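File shown: final14.txt (compact mmCIF, C-alpha atoms (C1' of nucleotides)).
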# COMPACT_ATOMS: atom_id res chain seq x y z
CA MET A 1 0.00 0.00 0.00
CA ARG A 2 2.88 2.34 -0.62
CA VAL A 3 3.99 4.43 -3.56
CA SER A 4 7.49 3.53 -4.74
CA ALA A 5 10.19 6.06 -5.52
CA LYS A 6 10.02 4.86 -9.09
CA ALA A 7 6.33 5.71 -9.44
CA ASP A 8 6.83 9.06 -7.76
CA TYR A 9 9.75 9.87 -10.06
CA ALA A 10 7.82 8.73 -13.12
CA VAL A 11 4.90 11.02 -12.40
CA ARG A 12 7.18 13.95 -11.66
CA ALA A 13 9.13 13.48 -14.87
CA ALA A 14 5.88 13.14 -16.80
CA ALA A 15 4.66 16.36 -15.22
CA GLU A 16 7.76 18.16 -16.47
CA LEU A 17 7.13 16.82 -19.95
CA ALA A 18 3.52 17.92 -19.75
CA ALA A 19 4.63 21.43 -18.88
CA ALA A 20 7.24 21.64 -21.61
CA ASP A 21 5.90 23.52 -24.61
CA GLU A 22 6.93 21.80 -27.82
CA GLY A 23 10.19 20.09 -28.55
CA PRO A 24 11.99 17.23 -26.84
CA VAL A 25 13.29 17.65 -23.31
CA LYS A 26 16.63 16.13 -22.37
CA GLY A 27 16.74 13.52 -19.64
CA GLU A 28 19.34 15.56 -17.86
CA LYS A 29 17.03 18.53 -17.68
CA LEU A 30 14.22 16.41 -16.28
CA ALA A 31 16.57 14.94 -13.71
CA GLU A 32 17.70 18.36 -12.59
CA ALA A 33 14.24 19.88 -12.50
CA GLN A 34 12.95 17.15 -10.24
CA ASP A 35 16.15 16.18 -8.47
CA ILE A 36 16.15 12.59 -9.66
CA PRO A 37 19.31 10.49 -10.23
CA LEU A 38 19.84 10.70 -13.97
CA GLN A 39 20.73 7.10 -14.69
CA PHE A 40 17.82 5.82 -12.69
CA LEU A 41 15.51 8.25 -14.44
CA GLU A 42 16.67 7.03 -17.83
CA HIS A 43 15.53 3.52 -16.97
CA ILE A 44 12.18 4.86 -15.88
CA LEU A 45 11.75 6.92 -19.03
CA LEU A 46 12.57 3.86 -21.07
CA GLU A 47 9.77 1.96 -19.35
CA LEU A 48 7.41 4.84 -20.00
CA LYS A 49 8.44 4.70 -23.63
CA HIS A 50 7.83 0.97 -23.86
CA HIS A 51 4.34 1.55 -22.50
CA GLY A 52 3.65 4.26 -25.04
CA ILE A 53 3.46 7.10 -22.53
CA VAL A 54 6.40 9.04 -23.92
CA ARG A 55 8.40 9.14 -27.13
CA ALA A 56 12.06 9.89 -27.53
CA ARG A 57 14.69 10.80 -30.04
CA ARG A 58 18.43 10.42 -29.76
CA GLY A 59 21.14 12.78 -30.84
CA ALA A 60 21.90 16.45 -30.70
CA LYS A 61 18.38 17.85 -30.58
CA GLY A 62 16.98 14.75 -28.95
CA GLY A 63 15.02 14.21 -25.77
CA TYR A 64 11.66 13.00 -24.52
CA TRP A 65 8.10 14.17 -25.06
CA LEU A 66 4.63 12.92 -24.27
CA ALA A 67 3.14 10.52 -26.78
CA ARG A 68 -0.33 11.94 -26.14
CA PRO A 69 -1.69 15.33 -25.10
CA ALA A 70 -1.19 16.02 -21.41
CA ASP A 71 -4.93 16.02 -20.77
CA GLU A 72 -5.20 12.49 -22.09
CA VAL A 73 -2.57 10.94 -19.84
CA THR A 74 -3.69 10.10 -16.34
CA ILE A 75 -1.54 9.48 -13.32
CA ALA A 76 -2.89 5.95 -13.33
CA ASP A 77 -1.37 5.42 -16.78
CA VAL A 78 2.04 6.49 -15.55
CA VAL A 79 1.91 4.52 -12.31
CA ARG A 80 0.75 1.37 -14.07
CA ALA A 81 3.57 1.68 -16.59
CA VAL A 82 6.24 1.44 -13.91
CA GLU A 83 4.52 -0.44 -11.08
CA GLY A 84 2.16 -2.75 -12.90
CA PRO A 85 -1.46 -3.31 -11.90
CA ILE A 86 -2.84 -1.09 -9.14
CA ALA A 87 -3.99 -2.75 -5.93
CA ASP A 88 -3.24 -6.38 -6.68
CA VAL A 89 -3.63 -8.71 -3.74
CA GLN A 90 -0.82 -11.22 -3.43
CA SER A 91 0.12 -10.37 -7.01
CA THR A 92 -3.34 -11.35 -8.20
CA PRO A 93 -6.17 -9.06 -9.28
CA PRO A 94 -8.71 -8.89 -6.44
CA GLU A 95 -11.64 -10.12 -8.50
CA ALA A 96 -9.77 -13.35 -9.26
CA ILE A 97 -9.40 -14.46 -5.66
CA GLU A 98 -11.73 -16.93 -3.99
CA TYR A 99 -12.22 -16.42 -0.28
CA ARG A 100 -13.59 -19.06 2.02
CA GLY A 101 -15.34 -19.07 5.35
CA ASN A 102 -15.81 -15.82 7.15
CA SER A 103 -13.70 -13.76 4.79
CA GLU A 104 -15.97 -14.45 1.86
CA HIS A 105 -16.75 -10.78 1.37
CA LEU A 106 -13.16 -9.66 1.52
CA ARG A 107 -12.98 -9.79 -2.24
CA GLU A 108 -15.57 -7.03 -2.49
CA VAL A 109 -13.54 -4.95 -0.09
CA TRP A 110 -10.34 -5.26 -2.12
CA VAL A 111 -12.25 -4.51 -5.29
CA ALA A 112 -13.60 -1.40 -3.59
CA VAL A 113 -10.09 -0.45 -2.56
CA ARG A 114 -8.94 -0.68 -6.14
CA ALA A 115 -11.97 1.25 -7.37
CA SER A 116 -11.32 4.03 -4.90
CA LEU A 117 -7.71 4.28 -5.97
CA ARG A 118 -8.81 4.47 -9.56
CA SER A 119 -11.35 7.16 -8.76
CA VAL A 120 -8.40 9.38 -7.94
CA LEU A 121 -5.60 8.16 -10.20
CA GLU A 122 -7.67 7.87 -13.34
CA GLU A 123 -9.31 11.24 -12.86
CA VAL A 124 -6.18 13.33 -12.52
CA THR A 125 -4.42 14.03 -15.79
CA LEU A 126 -0.93 15.42 -16.21
CA ALA A 127 -2.57 18.62 -17.44
CA ASN A 128 -4.55 18.84 -14.20
CA LEU A 129 -1.41 18.24 -12.22
CA VAL A 130 0.74 20.95 -13.74
CA ALA A 131 -2.11 23.45 -13.79
CA GLY A 132 -2.96 22.70 -10.18
CA GLU A 133 -6.56 22.29 -11.25
CA LEU A 134 -7.44 19.03 -9.60
CA PRO A 135 -10.80 17.39 -10.32
CA PRO A 136 -13.68 17.76 -7.83
CA VAL A 137 -13.18 14.25 -6.42
CA VAL A 138 -9.68 15.13 -5.35
CA GLU A 139 -10.54 18.61 -4.10
CA GLU A 140 -13.20 17.15 -1.89
CA LEU A 141 -10.91 14.49 -0.47
CA ILE A 142 -8.16 16.94 0.43
CA SER A 143 -10.53 19.59 1.76
CA GLN A 144 -11.09 17.55 4.89
CA PRO A 145 -8.46 18.34 7.53
CA ASP A 146 -8.22 14.70 8.60
CA ALA A 147 -6.80 13.85 5.22
CA TRP A 148 -3.66 15.79 6.10
CA HIS A 149 -2.83 13.92 9.28
CA ALA A 150 -0.69 10.83 9.53
CA SER A 151 -3.34 8.62 11.10
CA THR A 152 -6.87 9.39 12.16
CA SER A 153 -7.71 6.39 14.28
CA THR A 154 -5.07 5.39 16.79
CA LYS A 155 -7.33 3.26 18.92
CA GLU A 156 -5.14 0.25 18.37
CA MET A 157 -2.12 2.09 19.71
CA THR A 158 -3.54 2.92 23.11
CA GLY A 159 -5.26 -0.31 23.82
CA MET B 1 0.19 -0.11 -4.46
CA ARG B 2 -0.35 -3.74 -3.71
CA VAL B 3 -1.80 -5.65 -0.81
CA SER B 4 0.72 -8.08 0.68
CA ALA B 5 -0.02 -11.68 1.55
CA LYS B 6 0.58 -10.74 5.15
CA ALA B 7 -2.10 -8.06 5.18
CA ASP B 8 -4.53 -10.34 3.39
CA TYR B 9 -3.86 -13.15 5.88
CA ALA B 10 -4.17 -10.78 8.81
CA VAL B 11 -7.58 -9.56 7.76
CA ARG B 12 -8.80 -13.08 7.07
CA ALA B 13 -7.64 -14.34 10.44
CA ALA B 14 -9.23 -11.33 12.11
CA ALA B 15 -12.46 -12.08 10.30
CA GLU B 16 -12.45 -15.59 11.69
CA LEU B 17 -11.92 -14.21 15.17
CA ALA B 18 -14.75 -11.75 14.64
CA ALA B 19 -17.06 -14.58 13.69
CA ALA B 20 -16.09 -16.82 16.61
CA ASP B 21 -18.63 -16.55 19.39
CA GLU B 22 -16.91 -16.40 22.76
CA GLY B 23 -13.80 -18.20 23.80
CA PRO B 24 -10.28 -18.26 22.39
CA VAL B 25 -9.66 -19.73 18.95
CA LYS B 26 -6.52 -21.75 18.35
CA GLY B 27 -4.02 -20.58 15.76
CA GLU B 28 -4.23 -23.94 14.09
CA LYS B 29 -7.96 -23.58 13.59
CA LEU B 30 -7.54 -20.13 12.07
CA ALA B 31 -4.83 -21.44 9.78
CA GLU B 32 -7.05 -24.27 8.59
CA ALA B 33 -10.16 -22.16 8.16
CA GLN B 34 -8.34 -19.70 5.93
CA ASP B 35 -5.69 -21.97 4.47
CA ILE B 36 -2.74 -20.01 5.84
CA PRO B 37 0.67 -21.54 6.75
CA LEU B 38 0.45 -21.94 10.52
CA GLN B 39 3.91 -20.75 11.48
CA PHE B 40 3.62 -17.69 9.32
CA LEU B 41 0.20 -16.94 10.76
CA GLU B 42 1.55 -17.14 14.28
CA HIS B 43 3.98 -14.33 13.52
CA ILE B 44 1.17 -12.27 12.09
CA LEU B 45 -1.06 -12.88 15.10
CA LEU B 46 1.79 -11.84 17.33
CA GLU B 47 2.06 -8.55 15.51
CA LEU B 48 -1.66 -8.05 15.81
CA LYS B 49 -1.32 -8.69 19.51
CA HIS B 50 1.51 -6.17 19.88
CA HIS B 51 -0.73 -3.60 18.22
CA GLY B 52 -3.58 -4.36 20.56
CA ILE B 53 -5.85 -5.80 17.90
CA VAL B 54 -6.08 -9.28 19.42
CA ARG B 55 -5.38 -10.88 22.77
CA ALA B 56 -4.10 -14.36 23.41
CA ARG B 57 -3.71 -17.00 26.08
CA ARG B 58 -1.38 -19.97 26.11
CA GLY B 59 -2.01 -23.47 27.29
CA ALA B 60 -4.71 -26.07 27.02
CA LYS B 61 -7.71 -23.82 26.56
CA GLY B 62 -5.71 -21.06 24.99
CA GLY B 63 -6.04 -19.25 21.70
CA TYR B 64 -6.70 -15.83 20.25
CA TRP B 65 -9.61 -13.42 20.45
CA LEU B 66 -10.31 -9.84 19.46
CA ALA B 67 -9.28 -7.19 21.96
CA ARG B 68 -12.25 -5.04 20.98
CA PRO B 69 -15.75 -5.73 19.67
CA ALA B 70 -15.78 -6.67 16.01
CA ASP B 71 -17.68 -3.53 15.08
CA GLU B 72 -14.94 -1.37 16.55
CA VAL B 73 -12.08 -2.88 14.58
CA THR B 74 -11.66 -1.62 11.05
CA ILE B 75 -9.75 -3.24 8.24
CA ALA B 76 -7.47 -0.21 8.31
CA ASP B 77 -6.50 -1.09 11.89
CA VAL B 78 -5.52 -4.59 10.88
CA VAL B 79 -3.66 -3.57 7.74
CA ARG B 80 -1.75 -0.83 9.53
CA ALA B 81 -0.72 -3.28 12.24
CA VAL B 82 1.09 -5.53 9.80
CA GLU B 83 2.02 -3.20 6.95
CA GLY B 84 2.58 0.11 8.70
CA PRO B 85 1.25 3.42 7.41
CA ILE B 86 -1.11 3.29 4.47
CA ALA B 87 -0.04 5.00 1.25
CA ASP B 88 3.36 6.32 2.21
CA VAL B 89 5.37 7.74 -0.66
CA GLN B 90 9.01 6.70 -0.63
CA SER B 91 8.49 5.61 2.99
CA THR B 92 7.38 9.11 3.94
CA PRO B 93 3.86 10.34 4.68
CA PRO B 94 2.62 12.28 1.63
CA GLU B 95 1.95 15.49 3.51
CA ALA B 96 5.61 15.65 4.55
CA ILE B 97 7.03 15.78 1.02
CA GLU B 98 8.03 18.99 -0.71
CA TYR B 99 7.64 18.95 -4.47
CA ARG B 100 9.32 21.42 -6.78
CA GLY B 101 8.67 22.77 -10.22
CA ASN B 102 5.82 21.33 -12.20
CA SER B 103 5.00 18.56 -9.75
CA GLU B 104 4.16 20.99 -6.99
CA HIS B 105 0.62 19.71 -6.72
CA LEU B 106 1.57 16.07 -6.62
CA ARG B 107 1.46 16.17 -2.86
CA GLU B 108 -2.24 16.91 -2.92
CA VAL B 109 -2.75 13.97 -5.24
CA TRP B 110 -0.97 11.52 -2.96
CA VAL B 111 -2.86 12.88 0.03
CA ALA B 112 -6.06 12.31 -1.92
CA VAL B 113 -4.96 8.78 -2.69
CA ARG B 114 -4.45 8.09 0.98
CA ALA B 115 -7.76 9.69 1.87
CA SER B 116 -9.61 7.57 -0.66
CA LEU B 117 -7.99 4.42 0.68
CA ARG B 118 -9.02 5.41 4.16
CA SER B 119 -12.56 6.11 3.05
CA VAL B 120 -12.83 2.40 2.36
CA LEU B 121 -10.51 0.75 4.87
CA GLU B 122 -11.61 2.80 7.85
CA GLU B 123 -15.29 2.38 7.08
CA VAL B 124 -15.39 -1.39 6.90
CA THR B 125 -15.32 -3.12 10.28
CA LEU B 126 -14.70 -6.78 10.89
CA ALA B 127 -18.37 -7.04 11.84
CA ASN B 128 -19.33 -5.62 8.44
CA LEU B 129 -17.01 -8.05 6.74
CA VAL B 130 -18.29 -11.25 8.29
CA ALA B 131 -21.93 -10.16 8.02
CA GLY B 132 -21.44 -9.19 4.39
CA GLU B 133 -23.08 -5.87 5.18
CA LEU B 134 -20.64 -3.48 3.62
CA PRO B 135 -21.06 0.28 4.16
CA PRO B 136 -22.69 2.42 1.44
CA VAL B 137 -19.33 3.80 0.24
CA VAL B 138 -18.17 0.32 -0.59
CA GLU B 139 -21.46 -0.84 -2.06
CA GLU B 140 -21.44 2.08 -4.40
CA LEU B 141 -17.88 1.50 -5.50
CA ILE B 142 -18.44 -2.17 -6.30
CA SER B 143 -21.81 -1.62 -7.93
CA GLN B 144 -20.13 -0.21 -11.01
CA PRO B 145 -19.23 -2.98 -13.45
CA ASP B 146 -15.90 -1.32 -14.33
CA ALA B 147 -14.71 -1.91 -10.80
CA TRP B 148 -14.64 -5.64 -11.55
CA HIS B 149 -12.36 -5.50 -14.54
CA ALA B 150 -8.60 -5.65 -14.50
CA SER B 151 -7.97 -2.34 -16.19
CA THR B 152 -10.38 0.18 -17.60
CA SER B 153 -8.08 2.35 -19.65
CA THR B 154 -5.67 0.53 -21.88
CA LYS B 155 -4.88 3.44 -24.11
CA GLU B 156 -1.23 3.25 -23.22
CA MET B 157 -1.04 -0.36 -24.43
CA THR B 158 -2.15 0.24 -27.97
CA GLY B 159 -0.35 3.43 -28.74
C1' DG C 1 4.42 -32.77 35.97
C1' DC C 2 2.74 -32.98 31.64
C1' DA C 3 0.32 -31.71 27.55
C1' DC C 4 -1.03 -27.90 25.13
C1' DT C 5 -0.63 -23.50 23.00
C1' DC C 6 1.33 -19.26 22.33
C1' DC C 7 5.87 -16.52 22.04
C1' DT C 8 10.21 -15.34 20.06
C1' DG C 9 14.33 -15.16 17.65
C1' DA C 10 17.11 -17.07 14.08
C1' DC C 11 17.39 -18.36 9.66
C1' DC C 12 16.59 -18.67 4.52
C1' DA C 13 15.65 -18.19 -0.58
C1' DA C 14 13.83 -15.33 -3.80
C1' DG C 15 12.57 -11.11 -5.37
C1' DA C 16 11.94 -6.02 -5.18
C1' DC C 17 13.99 -1.54 -4.61
C1' DA C 18 16.99 2.06 -5.66
C1' DG C 19 20.17 2.80 -7.76
C1' DT C 20 25.35 2.64 -10.56
C1' DC C 21 28.45 1.37 -14.48
C1' DA C 22 29.85 0.53 -19.01
C1' DG C 23 29.13 0.51 -23.49
C1' DG C 24 26.29 0.56 -27.90
C1' DA C 25 23.29 2.81 -31.30
C1' DA C 26 20.72 6.48 -33.58
C1' DA C 27 20.52 11.53 -34.80
C1' DG C 28 22.27 15.75 -35.82
C1' DT C 29 26.40 18.98 -36.91
C1' DC C 30 30.49 20.33 -39.21
C1' DG D 1 32.71 10.95 -42.71
C1' DA D 2 34.08 12.18 -38.21
C1' DC D 3 32.33 13.79 -34.05
C1' DT D 4 29.28 15.07 -30.52
C1' DT D 5 25.13 14.44 -28.39
C1' DT D 6 21.58 11.91 -26.41
C1' DC D 7 18.97 7.99 -25.77
C1' DC D 8 19.05 2.69 -25.23
C1' DT D 9 20.23 -1.49 -22.89
C1' DG D 10 22.08 -5.00 -20.11
C1' DA D 11 24.78 -6.21 -16.27
C1' DC D 12 25.78 -5.51 -11.74
C1' DT D 13 25.31 -4.27 -6.63
C1' DG D 14 23.96 -3.66 -1.87
C1' DT D 15 20.09 -3.43 1.09
C1' DC D 16 15.49 -4.42 2.34
C1' DT D 17 11.09 -6.88 1.96
C1' DT D 18 8.39 -10.84 1.29
C1' DG D 19 6.88 -15.14 2.50
C1' DG D 20 7.89 -18.24 4.69
C1' DT D 21 10.45 -22.46 7.98
C1' DC D 22 12.82 -24.25 12.26
C1' DA D 23 13.93 -24.77 16.92
C1' DG D 24 13.22 -23.90 21.31
C1' DG D 25 11.31 -21.24 25.43
C1' DA D 26 7.50 -19.79 28.40
C1' DG D 27 2.84 -19.53 30.36
C1' DT D 28 -1.69 -22.17 31.32
C1' DG D 29 -4.71 -25.79 32.74
C1' DC D 30 -5.50 -30.36 34.30

As a first step, turn the structure in this file into C-alpha cells.
Amino acid sequence: MRVSAKADYAVRAAAELAAADEGPVKGEKLAEAQDIPLQFLEHILLELKHHGIVRARRGAKGGYWLARPADEVTIADVVRAVEGPIADVQSTPPEAIEYRGNSEHLREVWVAVRASLRSVLEEVTLANLVAGELPPVVEELISQPDAWHASTSTKEMTG
Amino acid sequence: MRVSAKADYAVRAAAELAAADEGPVKGEKLAEAQDIPLQFLEHILLELKHHGIVRARRGAKGGYWLARPADEVTIADVVRAVEGPIADVQSTPPEAIEYRGNSEHLREVWVAVRASLRSVLEEVTLANLVAGELPPVVEELISQPDAWHASTSTKEMTG
DNA sequence: GCACTCCTGACCAAGACAGTCAGGAAAGTC
DNA sequence: GACTTTCCTGACTGTCTTGGTCAGGAGTGC
C-alpha cells in the first residue's frame, strides 16, 4: 500500500514533460528539474516509452516528449507503466481471488479499494497536475483536515 | 500499491476471530479455516497482539480473540498493524514531502490517494465483513461494473 | 508434571527496490 | 565521414522486503 520512488519519479518526470511547450526535453534537464538520479531516471523513461506514454529521439536535438496530449494521460497510466497493476492482492487481481469461510466478502472490499484508488488516479491528468486544477473528487478528499494527518484512528495504539 | 499476503492473511484471520462466538480460537484452527501456513500466521497474530488488535492466552484452553468488539475494529486497523502506514510515498507520509517545479501539486494527489484508501478501509469493520453488510461507500464502488475489470483504460497499451 | 498452545528469535531463498556502471546505437552537426 | 550528443540497454550491486520455515522457550490448565 505504498507508492514507490520509481512511481513518484515517473509522475514527476511526466509532469515536467507535460509542462514543456513543444520540442523534446533532455533527460538531464528532467533529472535536474525534479532532483532525480539521472541514470535511474533514464531507466524509468525507457519503461514509460515501452508503455507508449512518452516518445524519444536520440542525438543532438533529442530528448523525450509525451506521446499523447497532457490532458489524455492520467496518473494511473504512468503509475501502471512502472509499477504494474494497481492494488493487486498477493500479485493477483482482487476479483480473481476466492475467499472461504468468514472472509468471503473480503474480495468485495479489495475490489472497492482498487476502485477508490482508480477514482483518484484515473481522474487526474498530467494537465490537471501541472495546472494545479485538480478534479472535484480530489478537491473534496483533500478539503477535509483529517486527510492531512498521519493517522486518524489510533485506537489500536492505546489499547 | 499492492496488498501483501501478510495483510490479506491478517484480515482473514481477524475475520475468523470476529465470527467466533466467545472463547479463544486456536491458531491452528484459524490457519485451517483460511488456508494459511500456521507458522507464518503465528507471527502475524503476534504482531496483531503487539498492536492491541487481538489478545491471546497460552495453554490447554488457549487461543486468540479480538481485543475489541468486532464492530470497533476496522480493516485499516488490521492492515496498519502488519504493513505500517497506508499509502506512504518513498516511505514518507505524503503530507511531509516537498515537491518542486511542475510537480508541486503532486502532494495533494498523494494525500487524496491516501484519503480515498481510508474512506474504504476505515469504514469497513470486521463485523461488516463477516456479516457481508458493507457500508454504502463500498457498495457504491463495487456496484459499477468497471470496478470488476482488470484495467479500464488501456490506451497506453495500444499506442 | 505434563500436555497444550502461544511466544520469540534465528534463519533462509527469492525477489523487489533504488540505484550505478559501461558501453552501444541512432541523430544531428560540421 | 568524423564527431558530438543523447537515448538505449544489459549487467551488476547492496540493502530491504516478502513469505515463509525451524527450533526452542514460556505460560496455562489439568

Query - Counting all atoms listed in the file, chain A residues within 12 Å of chain D, as a list of chain:residue names - result: A:Pro24, A:Val25, A:Lys26, A:Gly27, A:Glu28, A:Lys29, A:Gln39, A:Leu41, A:Glu42, A:His43, A:Ile44, A:Leu45, A:Leu46, A:Glu47, A:Lys49, A:His50, A:Arg55, A:Ala56, A:Arg57, A:Arg58, A:Gly59, A:Ala60, A:Lys61, A:Gly62, A:Gly63, A:Tyr64, A:Gln90, A:Ser91

**Report entry** Neighbour list for range 103-114 of chain B as JSON, numbers by chain, cut-off 9 Å, only C-alpha atoms (C1' of nucleotides), skip fewer than 6 positions in-chain
**Finding:** {"A": [3, 8, 11, 12, 13, 14, 15, 16, 34, 116, 117, 118, 119, 120, 121, 124, 129, 130, 131, 132, 133, 134, 137, 138, 139, 140, 141, 142, 147, 148], "B": [86, 87, 88, 89, 93, 94, 95, 96, 97]}

Report task. Could you tell me how far CA of Arg68 in chain A lies from CA of Leu30 in chain A, in Å and to one decimal? Result -> 18.1 Å

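Nearest residue to chain B, choosing from C:DA27, C:DT8, C:DA22, C:DG1 and counting all atoms listed in the file: C:DT8.
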
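From CA of Ile36 in chain A back to CA of Ser4 in chain A, the distance works out to 13.5 Å.
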
May I ask you to restore N, CA and C atoms in range 5-26 of chain A and write the result as a short mmCIF file (atom, residue, chain, number, x, y, z; two decimals), in the coordinates of the input?
data_model
loop_
_atom_site.label_atom_id
_atom_site.label_comp_id
_atom_site.auth_asym_id
_atom_site.auth_seq_id
_atom_site.Cartn_x
_atom_site.Cartn_y
_atom_site.Cartn_z
N ALA A 5 9.44 4.93 -5.00
CA ALA A 5 10.19 6.06 -5.52
C ALA A 5 10.06 6.11 -7.03
N LYS A 6 10.11 4.94 -7.64
CA LYS A 6 10.02 4.86 -9.09
C LYS A 6 8.73 5.50 -9.61
N ALA A 7 7.62 5.16 -9.00
CA ALA A 7 6.33 5.71 -9.44
C ALA A 7 6.29 7.22 -9.21
N ASP A 8 6.79 7.63 -8.08
CA ASP A 8 6.83 9.06 -7.76
C ASP A 8 7.67 9.79 -8.80
N TYR A 9 8.86 9.28 -9.06
CA TYR A 9 9.75 9.87 -10.06
C TYR A 9 9.08 9.92 -11.43
N ALA A 10 8.45 8.84 -11.80
CA ALA A 10 7.82 8.73 -13.12
C ALA A 10 6.77 9.82 -13.31
N VAL A 11 5.95 10.00 -12.29
CA VAL A 11 4.90 11.02 -12.40
C VAL A 11 5.51 12.41 -12.46
N ARG A 12 6.56 12.63 -11.66
CA ARG A 12 7.18 13.95 -11.66
C ARG A 12 7.84 14.26 -13.00
N ALA A 13 8.51 13.27 -13.56
CA ALA A 13 9.13 13.48 -14.87
C ALA A 13 8.05 13.73 -15.92
N ALA A 14 6.98 12.97 -15.85
CA ALA A 14 5.88 13.14 -16.80
C ALA A 14 5.27 14.53 -16.66
N ALA A 15 5.20 15.02 -15.45
CA ALA A 15 4.66 16.36 -15.22
C ALA A 15 5.54 17.42 -15.90
N GLU A 16 6.84 17.23 -15.81
CA GLU A 16 7.76 18.16 -16.47
C GLU A 16 7.55 18.13 -17.98
N LEU A 17 7.37 16.93 -18.52
CA LEU A 17 7.13 16.82 -19.95
C LEU A 17 5.82 17.48 -20.34
N ALA A 18 4.83 17.33 -19.47
CA ALA A 18 3.52 17.92 -19.75
C ALA A 18 3.61 19.44 -19.77
N ALA A 19 4.51 19.97 -18.98
CA ALA A 19 4.63 21.43 -18.88
C ALA A 19 5.51 22.01 -19.97
N ALA A 20 6.33 21.16 -20.57
CA ALA A 20 7.24 21.64 -21.61
C ALA A 20 6.47 21.96 -22.88
N ASP A 21 6.65 23.15 -23.41
CA ASP A 21 5.90 23.52 -24.61
C ASP A 21 6.71 23.23 -25.87
N GLU A 22 6.33 22.17 -26.53
CA GLU A 22 6.93 21.80 -27.82
C GLU A 22 8.40 21.45 -27.72
N GLY A 23 8.78 20.45 -28.48
CA GLY A 23 10.19 20.09 -28.55
C GLY A 23 10.58 19.13 -27.45
N PRO A 24 11.54 18.24 -27.79
CA PRO A 24 11.99 17.23 -26.84
C PRO A 24 12.73 17.85 -25.65
N VAL A 25 12.58 17.22 -24.51
CA VAL A 25 13.29 17.65 -23.31
C VAL A 25 14.33 16.59 -22.96
N LYS A 26 15.55 17.06 -22.70
CA LYS A 26 16.63 16.13 -22.37
C LYS A 26 16.40 15.47 -21.01
#
